[in-house]
$ cat run32.cif   # mmCIF, C-alpha atoms
data_work
#
loop_
_atom_site.group_PDB
_atom_site.id
_atom_site.type_symbol
_atom_site.label_atom_id
_atom_site.label_comp_id
_atom_site.auth_asym_id
_atom_site.auth_seq_id
_atom_site.Cartn_x
_atom_site.Cartn_y
_atom_site.Cartn_z
ATOM 1 C CA MET K 1 80.081 68.152 124.987
ATOM 2 C CA THR K 2 81.371 69.974 121.928
ATOM 3 C CA ALA K 3 81.303 73.723 121.743
ATOM 4 C CA GLU K 4 79.812 75.284 118.669
ATOM 5 C CA PRO K 5 82.328 77.358 116.761
ATOM 6 C CA GLY K 6 81.862 81.072 117.246
ATOM 7 C CA PRO K 7 81.354 83.515 114.439
ATOM 8 C CA VAL K 8 84.376 84.241 112.299
ATOM 9 C CA SER K 9 85.395 87.868 112.386
ATOM 10 C CA LEU K 10 86.505 88.906 108.945
ATOM 11 C CA THR K 11 87.720 92.224 110.281
ATOM 12 C CA ALA K 12 90.126 90.632 112.785
ATOM 13 C CA ALA K 13 92.346 89.065 110.127
ATOM 14 C CA PRO K 14 95.287 91.333 109.346
ATOM 15 C CA ALA K 15 96.003 92.222 105.734
ATOM 16 C CA LEU K 16 99.288 93.256 104.166
ATOM 17 C CA VAL K 17 99.273 95.342 101.010
ATOM 18 C CA ILE K 18 102.577 95.532 99.135
ATOM 19 C CA GLY K 19 103.015 98.284 96.591
ATOM 20 C CA GLU K 20 103.363 101.900 95.692
ATOM 21 C CA ALA K 21 101.986 104.945 97.435
ATOM 22 C CA ILE K 22 102.487 107.921 95.140
ATOM 23 C CA VAL K 23 101.384 111.494 94.669
ATOM 24 C CA ASP K 24 99.120 111.927 91.641
ATOM 25 C CA VAL K 25 99.644 115.302 89.987
ATOM 26 C CA LEU K 26 96.863 116.242 87.606
ATOM 27 C CA THR K 27 97.187 119.120 85.186
ATOM 28 C CA GLY K 28 93.716 119.951 83.963
ATOM 29 C CA ALA K 29 92.706 121.494 80.667
ATOM 30 C CA ASP K 30 92.773 124.831 82.547
ATOM 31 C CA GLY K 31 96.512 124.337 83.227
ATOM 32 C CA VAL K 32 96.052 124.168 87.009
ATOM 33 C CA ARG K 33 98.084 121.467 88.787
ATOM 34 C CA ARG K 34 96.402 119.552 91.602
ATOM 35 C CA SER K 35 98.088 116.939 93.807
ATOM 36 C CA ARG K 36 96.288 113.986 95.388
ATOM 37 C CA PRO K 37 97.410 110.881 97.283
ATOM 38 C CA GLY K 38 97.424 107.882 94.968
ATOM 39 C CA GLY K 39 98.814 104.531 93.996
ATOM 40 C CA SER K 40 96.649 101.509 93.323
ATOM 41 C CA PRO K 41 97.984 99.438 96.275
ATOM 42 C CA ALA K 42 97.674 102.420 98.647
ATOM 43 C CA ASN K 43 94.061 102.845 97.540
ATOM 44 C CA VAL K 44 93.381 99.150 98.232
ATOM 45 C CA ALA K 45 94.892 99.528 101.719
ATOM 46 C CA LEU K 46 92.638 102.518 102.392
ATOM 47 C CA GLY K 47 89.598 100.575 101.178
ATOM 48 C CA LEU K 48 90.385 97.638 103.459
ATOM 49 C CA ALA K 49 90.832 99.990 106.421
ATOM 50 C CA ARG K 50 87.498 101.668 105.676
ATOM 51 C CA LEU K 51 85.882 98.228 105.753
ATOM 52 C CA GLY K 52 87.294 97.692 109.250
ATOM 53 C CA HIS K 53 90.238 95.427 108.435
ATOM 54 C CA PRO K 54 93.547 95.986 110.207
ATOM 55 C CA VAL K 55 95.919 96.684 107.325
ATOM 56 C CA ARG K 56 99.604 97.369 106.884
ATOM 57 C CA LEU K 57 101.122 98.874 103.740
ATOM 58 C CA ALA K 58 104.665 97.923 102.751
ATOM 59 C CA THR K 59 105.708 100.641 100.336
ATOM 60 C CA ARG K 60 108.342 103.287 99.624
ATOM 61 C CA ILE K 61 107.634 106.833 100.813
ATOM 62 C CA GLY K 62 110.127 109.699 100.911
ATOM 63 C CA ARG K 63 110.755 111.677 104.066
ATOM 64 C CA ASP K 64 110.029 114.844 102.066
ATOM 65 C CA GLY K 65 106.980 117.137 102.247
ATOM 66 C CA PRO K 66 104.874 115.126 99.766
ATOM 67 C CA GLY K 67 105.825 111.924 101.598
ATOM 68 C CA ARG K 68 104.784 113.341 104.966
ATOM 69 C CA ALA K 69 101.430 114.410 103.483
ATOM 70 C CA LEU K 70 100.961 110.988 101.891
ATOM 71 C CA HIS K 71 101.823 109.208 105.149
ATOM 72 C CA ALA K 72 99.402 111.437 107.092
ATOM 73 C CA HIS K 73 96.629 110.647 104.581
ATOM 74 C CA LEU K 74 97.230 106.905 104.968
ATOM 75 C CA ARG K 75 97.455 107.085 108.768
ATOM 76 C CA GLU K 76 94.244 109.144 108.981
ATOM 77 C CA GLY K 77 92.582 106.519 106.769
ATOM 78 C CA GLY K 78 93.505 103.741 109.216
ATOM 79 C CA VAL K 79 96.475 102.304 107.307
ATOM 80 C CA GLU K 80 99.658 101.394 109.164
ATOM 81 C CA VAL K 81 102.666 102.057 106.950
ATOM 82 C CA THR K 82 105.376 99.558 107.865
ATOM 83 C CA PRO K 83 108.379 101.272 109.491
ATOM 84 C CA GLY K 84 110.850 100.073 106.856
ATOM 85 C CA SER K 85 108.877 101.825 104.113
ATOM 86 C CA PHE K 86 110.461 105.245 104.563
ATOM 87 C CA THR K 87 113.392 106.435 102.463
ATOM 88 C CA ASP K 88 115.514 109.546 102.005
ATOM 89 C CA ASP K 89 114.681 109.502 98.270
ATOM 90 C CA ALA K 90 111.933 111.688 96.820
ATOM 91 C CA THR K 91 108.340 110.476 97.034
ATOM 92 C CA ALA K 92 107.144 109.010 93.731
ATOM 93 C CA THR K 93 104.788 110.962 91.489
ATOM 94 C CA ALA K 94 102.487 110.178 88.601
ATOM 95 C CA THR K 95 101.721 113.250 86.520
ATOM 96 C CA ALA K 96 98.601 113.037 84.388
ATOM 97 C CA ARG K 97 97.836 115.429 81.587
ATOM 98 C CA LEU K 98 94.328 115.469 80.212
ATOM 99 C CA ASP K 99 93.847 115.824 76.483
ATOM 100 C CA ALA K 100 90.930 117.669 74.876
ATOM 101 C CA ALA K 101 88.827 114.485 74.941
ATOM 102 C CA GLY K 102 89.454 114.003 78.681
ATOM 103 C CA GLY K 103 91.887 111.097 78.236
ATOM 104 C CA ALA K 104 94.784 110.934 80.698
ATOM 105 C CA HIS K 105 98.419 110.560 79.658
ATOM 106 C CA TYR K 106 100.792 109.651 82.505
ATOM 107 C CA THR K 107 104.415 110.457 83.218
ATOM 108 C CA PHE K 108 105.934 108.641 86.201
ATOM 109 C CA ASP K 109 108.805 109.724 88.416
ATOM 110 C CA ILE K 110 109.334 106.625 90.513
ATOM 111 C CA THR K 111 112.110 104.431 91.790
ATOM 112 C CA TRP K 112 110.608 101.187 93.013
ATOM 113 C CA ASP K 113 112.699 99.061 95.307
ATOM 114 C CA LEU K 114 110.917 97.728 98.354
ATOM 115 C CA PRO K 115 113.254 98.078 101.337
ATOM 116 C CA PRO K 116 113.889 94.610 102.882
ATOM 117 C CA ASP K 117 112.766 95.735 106.337
ATOM 118 C CA ALA K 118 109.441 97.055 104.960
ATOM 119 C CA LEU K 119 108.037 93.528 105.179
ATOM 120 C CA GLY K 120 108.463 93.066 108.926
ATOM 121 C CA GLY K 121 105.561 92.573 111.305
ATOM 122 C CA PRO K 122 102.977 89.919 112.103
ATOM 123 C CA ALA K 123 102.089 87.286 109.524
ATOM 124 C CA PRO K 124 99.083 88.451 107.491
ATOM 125 C CA ALA K 125 95.977 86.413 106.723
ATOM 126 C CA HIS K 126 95.725 88.125 103.338
ATOM 127 C CA VAL K 127 98.259 89.781 101.009
ATOM 128 C CA HIS K 128 97.384 92.111 98.142
ATOM 129 C CA THR K 129 99.790 93.438 95.538
ATOM 130 C CA GLY K 130 99.831 94.743 92.025
ATOM 131 C CA SER K 131 100.451 97.623 89.682
ATOM 132 C CA ILE K 132 103.859 99.286 89.457
ATOM 133 C CA ALA K 133 105.239 97.356 92.442
ATOM 134 C CA THR K 134 104.964 94.073 90.563
ATOM 135 C CA ALA K 135 106.345 95.420 87.285
ATOM 136 C CA LEU K 136 109.198 97.813 87.947
ATOM 137 C CA ALA K 137 112.696 96.532 88.682
ATOM 138 C CA PRO K 138 114.450 96.150 90.952
ATOM 139 C CA GLY K 139 111.611 95.950 93.496
ATOM 140 C CA ALA K 140 109.303 93.686 91.472
ATOM 141 C CA ASP K 141 111.412 90.601 92.237
ATOM 142 C CA ARG K 142 111.287 91.311 95.982
ATOM 143 C CA VAL K 143 107.493 91.744 95.787
ATOM 144 C CA PHE K 144 107.126 88.431 93.940
ATOM 145 C CA ALA K 145 109.311 86.660 96.528
ATOM 146 C CA ALA K 146 107.225 88.126 99.376
ATOM 147 C CA ALA K 147 103.964 87.072 97.687
ATOM 148 C CA ARG K 148 105.271 83.548 97.101
ATOM 149 C CA ALA K 149 106.456 83.256 100.721
ATOM 150 C CA ALA K 150 103.113 84.521 102.069
ATOM 151 C CA ARG K 151 101.162 81.871 100.127
ATOM 152 C CA ALA K 152 101.972 79.271 102.771
ATOM 153 C CA ALA K 153 99.649 80.936 105.294
ATOM 154 C CA ALA K 154 97.731 83.689 103.502
ATOM 155 C CA THR K 155 95.377 84.261 100.623
ATOM 156 C CA LEU K 156 96.673 86.464 97.820
ATOM 157 C CA SER K 157 94.977 88.982 95.556
ATOM 158 C CA TYR K 158 96.616 90.626 92.560
ATOM 159 C CA ASP K 159 95.708 93.626 90.407
ATOM 160 C CA PRO K 160 97.980 93.862 87.343
ATOM 161 C CA ASN K 161 96.902 97.496 86.671
ATOM 162 C CA ILE K 162 99.127 97.549 83.593
ATOM 163 C CA ARG K 163 101.016 100.807 82.986
ATOM 164 C CA PRO K 164 102.429 100.628 79.424
ATOM 165 C CA ALA K 165 104.657 103.679 79.980
ATOM 166 C CA LEU K 166 106.663 101.681 82.544
ATOM 167 C CA LEU K 167 106.756 98.271 80.884
ATOM 168 C CA ALA K 168 109.288 96.599 78.635
ATOM 169 C CA GLY K 169 106.627 95.319 76.229
ATOM 170 C CA PRO K 170 103.984 92.579 76.195
ATOM 171 C CA ASP K 171 106.325 89.691 75.367
ATOM 172 C CA ARG K 172 108.552 90.480 78.331
ATOM 173 C CA GLU K 173 105.769 91.325 80.764
ATOM 174 C CA ARG K 174 103.371 88.456 80.065
ATOM 175 C CA PRO K 175 105.452 85.820 81.968
ATOM 176 C CA ARG K 176 105.719 88.136 84.998
ATOM 177 C CA VAL K 177 101.964 88.717 85.059
ATOM 178 C CA GLU K 178 101.223 85.015 84.529
ATOM 179 C CA ARG K 179 103.445 83.872 87.409
ATOM 180 C CA LEU K 180 101.624 86.233 89.794
ATOM 181 C CA ILE K 181 98.244 85.106 88.482
ATOM 182 C CA ALA K 182 99.276 81.496 89.154
ATOM 183 C CA LEU K 183 99.970 82.352 92.826
ATOM 184 C CA SER K 184 96.785 84.344 93.354
ATOM 185 C CA ASP K 185 93.418 83.416 94.812
ATOM 186 C CA VAL K 186 91.779 86.532 93.349
ATOM 187 C CA VAL K 187 92.826 88.541 90.293
ATOM 188 C CA LYS K 188 91.244 91.911 89.532
ATOM 189 C CA ALA K 189 91.872 92.726 85.878
ATOM 190 C CA SER K 190 90.483 95.494 83.725
ATOM 191 C CA GLU K 191 89.772 95.355 80.009
ATOM 192 C CA GLU K 192 93.042 97.271 79.464
ATOM 193 C CA ASP K 193 94.988 94.718 81.525
ATOM 194 C CA LEU K 194 93.704 91.889 79.344
ATOM 195 C CA GLY K 195 94.213 93.760 76.044
#

$ encode --input "run32.cif" --output "structure tokens"
Amino acid sequence: MTAEPGPVSLTAAPALVIGEAIVDVLTGADGVRRSRPGGSPANVALGLARLGHPVRLATRIGRDGPGRALHAHLREGGVEVTPGSFTDDATATATARLDAAGGAHYTFDITWDLPPDALGGPAPAHVHTGSIATALAPGADRVFAAARAARAAATLSYDPNIRPALLAGPDRERPRVERLIALSDVVKASEEDLG
């Protein structure tokens, strides 16, 4: 007698998101500054948690006031920040200024270097990465190595989320983006990313 396979629980498979968690600072046309939790990978981790997936975020968060607020936001959203993700450096910020037409212009204050012990924990069934974490040295190489190593047992999704203000130029960045695309099962790209 052969047992029928049971239903597969998509929410039981752990996910690992690797990338930045930052504080978005928006200065509106009225001159008022507002701070919000942000970072493309952090937002993906929150989305996965809201869908019921156990999710860990390997990132870099300062032990300062903004970092504590960011960590609390992630924890309240169901995201486990890996223990090695905390640093004594300042929490990264992205300051957006809106022009008269409503277009955003960004200034980043970020040092991206994924601490080696941020990647500890159980093997994930899925890994997601992208954005600044895959573009900014010196951490981008560590993120690529982690994504390549995870491919043996996990699916991989990648969101380039190109940020021209942080990049060395299209000719230098294209090979980096293409090598991550080649590893990935799913690529989420916007019109701007493809431009």

$ residues_around --input "run32.cif" --residues "Thr129 (chain K)" --least-positions-apart "3" --cutoff "7 Å" --atoms "only C-alpha atoms" --output "PDB file with C-alpha atoms, in the coordinates of the input"
ATOM      1  CA  VAL K  17      99.273  95.342 101.010  1.00  0.00           C
ATOM      2  CA  ILE K  18     102.577  95.532  99.135  1.00  0.00           C
ATOM      3  CA  GLY K  19     103.015  98.284  96.591  1.00  0.00           C
ATOM      4  CA  PRO K  41      97.984  99.438  96.275  1.00  0.00           C
ATOM      5  CA  SER K 157      94.977  88.982  95.556  1.00  0.00           C
ATOM      6  CA  TYR K 158      96.616  90.626  92.560  1.00  0.00           C
ATOM      7  CA  ASP K 159      95.708  93.626  90.407  1.00  0.00           C
TER       8      ASP K 159
END

$ resolve_selection --input "run32.cif" --expression "the PyMOL selection byres ((chain K and resi 115) around 8)" --output "list in words"
Arg60, Gly84, Ser85, Asp113, Leu114, Pro116, Asp117, Ala118 and Leu119 of chain K

$ residues_around --input "run32.cif" --residues "Leu48 (chain K)" --least-positions-apart "6" --cutoff "10 Å" --atoms "all atoms listed in the file" --output "list of chain:residue names"
K:Thr11, K:Pro14, K:Ala15, K:Leu16, K:Val17, K:Ala42, K:Pro54, K:Val55, K:Arg56, K:Gly77, K:Gly78, K:Val79

$ resolve_selection --input "run32.cif" --expression "the PyMOL selection byres ((chain K and resi 27-37) around 10)" --output "VMD selection string"
chain K and resid 21 to 26 38 to 39 42 to 43 66 to 67 69 to 71 73 to 74 93 to 102 104

$ write_last_selection --input "run32.cif" --atoms "C-alpha atoms" --output "PDB file, in the coordinates of the input"
ATOM      1  CA  ALA K  21     101.986 104.945  97.435  1.00  0.00           C
ATOM      2  CA  ILE K  22     102.487 107.921  95.140  1.00  0.00           C
ATOM      3  CA  VAL K  23     101.384 111.494  94.669  1.00  0.00           C
ATOM      4  CA  ASP K  24      99.120 111.927  91.641  1.00  0.00           C
ATOM      5  CA  VAL K  25      99.644 115.302  89.987  1.00  0.00           C
ATOM      6  CA  LEU K  26      96.863 116.242  87.606  1.00  0.00           C
ATOM      7  CA  GLY K  38      97.424 107.882  94.968  1.00  0.00           C
ATOM      8  CA  GLY K  39      98.814 104.531  93.996  1.00  0.00           C
ATOM      9  CA  ALA K  42      97.674 102.420  98.647  1.00  0.00           C
ATOM     10  CA  ASN K  43      94.061 102.845  97.540  1.00  0.00           C
ATOM     11  CA  PRO K  66     104.874 115.126  99.766  1.00  0.00           C
ATOM     12  CA  GLY K  67     105.825 111.924 101.598  1.00  0.00           C
ATOM     13  CA  ALA K  69     101.430 114.410 103.483  1.00  0.00           C
ATOM     14  CA  LEU K  70     100.961 110.988 101.891  1.00  0.00           C
ATOM     15  CA  HIS K  71     101.823 109.208 105.149  1.00  0.00           C
ATOM     16  CA  HIS K  73      96.629 110.647 104.581  1.00  0.00           C
ATOM     17  CA  LEU K  74      97.230 106.905 104.968  1.00  0.00           C
ATOM     18  CA  THR K  93     104.788 110.962  91.489  1.00  0.00           C
ATOM     19  CA  ALA K  94     102.487 110.178  88.601  1.00  0.00           C
ATOM     20  CA  THR K  95     101.721 113.250  86.520  1.00  0.00           C
ATOM     21  CA  ALA K  96      98.601 113.037  84.388  1.00  0.00           C
ATOM     22  CA  ARG K  97      97.836 115.429  81.587  1.00  0.00           C
ATOM     23  CA  LEU K  98      94.328 115.469  80.212  1.00  0.00           C
ATOM     24  CA  ASP K  99      93.847 115.824  76.483  1.00  0.00           C
ATOM     25  CA  ALA K 100      90.930 117.669  74.876  1.00  0.00           C
ATOM     26  CA  ALA K 101      88.827 114.485  74.941  1.00  0.00           C
ATOM     27  CA  GLY K 102      89.454 114.003  78.681  1.00  0.00           C
ATOM     28  CA  ALA K 104      94.784 110.934  80.698  1.00  0.00           C
TER      29      ALA K 104
END

$ residues_near_point --input "run32.cif" --point "(101.9, 85.4, 101.8)" --cutoff "9 Å" --atoms "all atoms listed in the file" --output "VMD selection string"
chain K and resid 16 123 to 128 146 to 156

$ closest_residue --input "run32.cif" --among "K:Ala49, K:Arg176, K:Asp64, K:Thr59" --to "Glu76 (chain K)" --atoms "only C-alpha atoms"
K:Ala49

$ closest_residue --input "run32.cif" --among "K:Asp89, K:Glu191, K:Glu20, K:Glu173" --to "Arg63 (chain K)" --atoms "only C-alpha atoms"
K:Asp89

$ closest_residue --input "run32.cif" --among "K:Ala135, K:Arg75, K:Pro175, K:Pro170" --to "Arg50 (chain K)" --atoms "only C-alpha atoms"
K:Arg75

$ atom_distance --input "run32.cif" --atom1 "CA of Leu46 (chain K)" --atom2 "CA of Gly139 (chain K)"
22.0 Å

$ closest_residue --input "run32.cif" --among "K:Val143, K:Pro138, K:Ala58, K:Val177" --to "Gly120 (chain K)" --atoms "all atoms listed in the file"
K:Ala58

$ atom_distance --input "run32.cif" --atom1 "CA of Ala72 (chain K)" --atom2 "CA of Ile162 (chain K)"
27.3 Å

$ axis_aligned_box --input "run32.cif" --around "region 32-43 of chain K" --padding-each-side "8 Å" --output "AutoDock Vina command-line options"
--center_x 96.4 --center_y 111.8 --center_z 92.8 --size_x 20.8 --size_y 40.7 --size_z 27.6

$ atom_distance --input "run32.cif" --atom1 "CA of Asp109 (chain K)" --atom2 "CA of Ala90 (chain K)"
9.2 Å

$ decode --input "run32.cif" --residues "region 160-189 of chain K" --atoms "N, CA and C atoms" --output "short mmCIF file (atom, residue, chain, number, x, y, z; two decimals), in the first residue's frame"
data_model
loop_
_atom_site.label_atom_id
_atom_site.label_comp_id
_atom_site.auth_asym_id
_atom_site.auth_seq_id
_atom_site.Cartn_x
_atom_site.Cartn_y
_atom_site.Cartn_z
N PRO K 160 16.67 43.64 -9.57
CA PRO K 160 17.79 44.57 -9.75
C PRO K 160 17.56 45.94 -9.09
N ASN K 161 16.35 46.49 -9.20
CA ASN K 161 16.00 47.77 -8.59
C ASN K 161 17.15 48.77 -8.73
N ILE K 162 17.52 49.03 -9.96
CA ILE K 162 18.68 49.85 -10.29
C ILE K 162 18.59 51.24 -9.64
N ARG K 163 19.67 51.65 -9.01
CA ARG K 163 19.79 52.98 -8.40
C ARG K 163 20.98 53.69 -9.04
N PRO K 164 20.75 54.46 -10.12
CA PRO K 164 21.85 55.09 -10.85
C PRO K 164 22.78 55.92 -9.97
N ALA K 165 22.27 56.55 -8.92
CA ALA K 165 23.11 57.38 -8.06
C ALA K 165 24.20 56.58 -7.37
N LEU K 166 24.05 55.27 -7.27
CA LEU K 166 25.02 54.43 -6.57
C LEU K 166 25.89 53.60 -7.51
N LEU K 167 25.62 53.64 -8.79
CA LEU K 167 26.27 52.72 -9.72
C LEU K 167 27.43 53.36 -10.47
N ALA K 168 28.32 52.51 -10.93
CA ALA K 168 29.51 52.96 -11.64
C ALA K 168 29.26 53.21 -13.12
N GLY K 169 28.08 52.95 -13.60
CA GLY K 169 27.76 53.14 -15.01
C GLY K 169 27.31 51.85 -15.65
N PRO K 170 26.52 51.94 -16.72
CA PRO K 170 25.93 50.75 -17.34
C PRO K 170 26.95 49.70 -17.80
N ASP K 171 28.06 50.13 -18.37
CA ASP K 171 29.02 49.15 -18.88
C ASP K 171 29.65 48.33 -17.77
N ARG K 172 29.82 48.93 -16.61
CA ARG K 172 30.38 48.20 -15.47
C ARG K 172 29.34 47.38 -14.74
N GLU K 173 28.11 47.84 -14.71
CA GLU K 173 27.07 47.17 -13.94
C GLU K 173 26.39 46.03 -14.69
N ARG K 174 26.33 46.13 -16.00
CA ARG K 174 25.63 45.10 -16.79
C ARG K 174 26.13 43.68 -16.48
N PRO K 175 27.45 43.41 -16.45
CA PRO K 175 27.90 42.04 -16.14
C PRO K 175 27.46 41.56 -14.76
N ARG K 176 27.45 42.46 -13.77
CA ARG K 176 27.01 42.10 -12.43
C ARG K 176 25.54 41.70 -12.43
N VAL K 177 24.72 42.49 -13.10
CA VAL K 177 23.28 42.19 -13.18
C VAL K 177 23.07 40.89 -13.94
N GLU K 178 23.78 40.70 -15.04
CA GLU K 178 23.59 39.50 -15.86
C GLU K 178 24.00 38.23 -15.12
N ARG K 179 25.05 38.28 -14.30
CA ARG K 179 25.44 37.06 -13.58
C ARG K 179 24.41 36.68 -12.53
N LEU K 180 23.75 37.66 -11.92
CA LEU K 180 22.68 37.35 -10.97
C LEU K 180 21.43 36.86 -11.68
N ILE K 181 21.13 37.43 -12.83
CA ILE K 181 19.99 36.94 -13.62
C ILE K 181 20.21 35.48 -14.00
N ALA K 182 21.43 35.13 -14.38
CA ALA K 182 21.74 33.76 -14.78
C ALA K 182 21.52 32.76 -13.64
N LEU K 183 21.70 33.18 -12.41
CA LEU K 183 21.49 32.30 -11.25
C LEU K 183 20.02 32.17 -10.85
N SER K 184 19.21 33.13 -11.25
CA SER K 184 17.87 33.29 -10.69
C SER K 184 16.80 32.46 -11.37
N ASP K 185 15.83 32.04 -10.56
CA ASP K 185 14.62 31.39 -11.07
C ASP K 185 13.58 32.42 -11.46
N VAL K 186 13.53 33.52 -10.72
CA VAL K 186 12.57 34.60 -10.98
C VAL K 186 13.32 35.93 -10.92
N VAL K 187 13.08 36.78 -11.91
CA VAL K 187 13.65 38.12 -11.93
C VAL K 187 12.50 39.11 -12.03
N LYS K 188 12.47 40.05 -11.11
CA LYS K 188 11.46 41.12 -11.14
C LYS K 188 12.18 42.38 -11.61
N ALA K 189 11.87 42.84 -12.80
CA ALA K 189 12.55 44.01 -13.34
C ALA K 189 11.52 45.05 -13.79
#
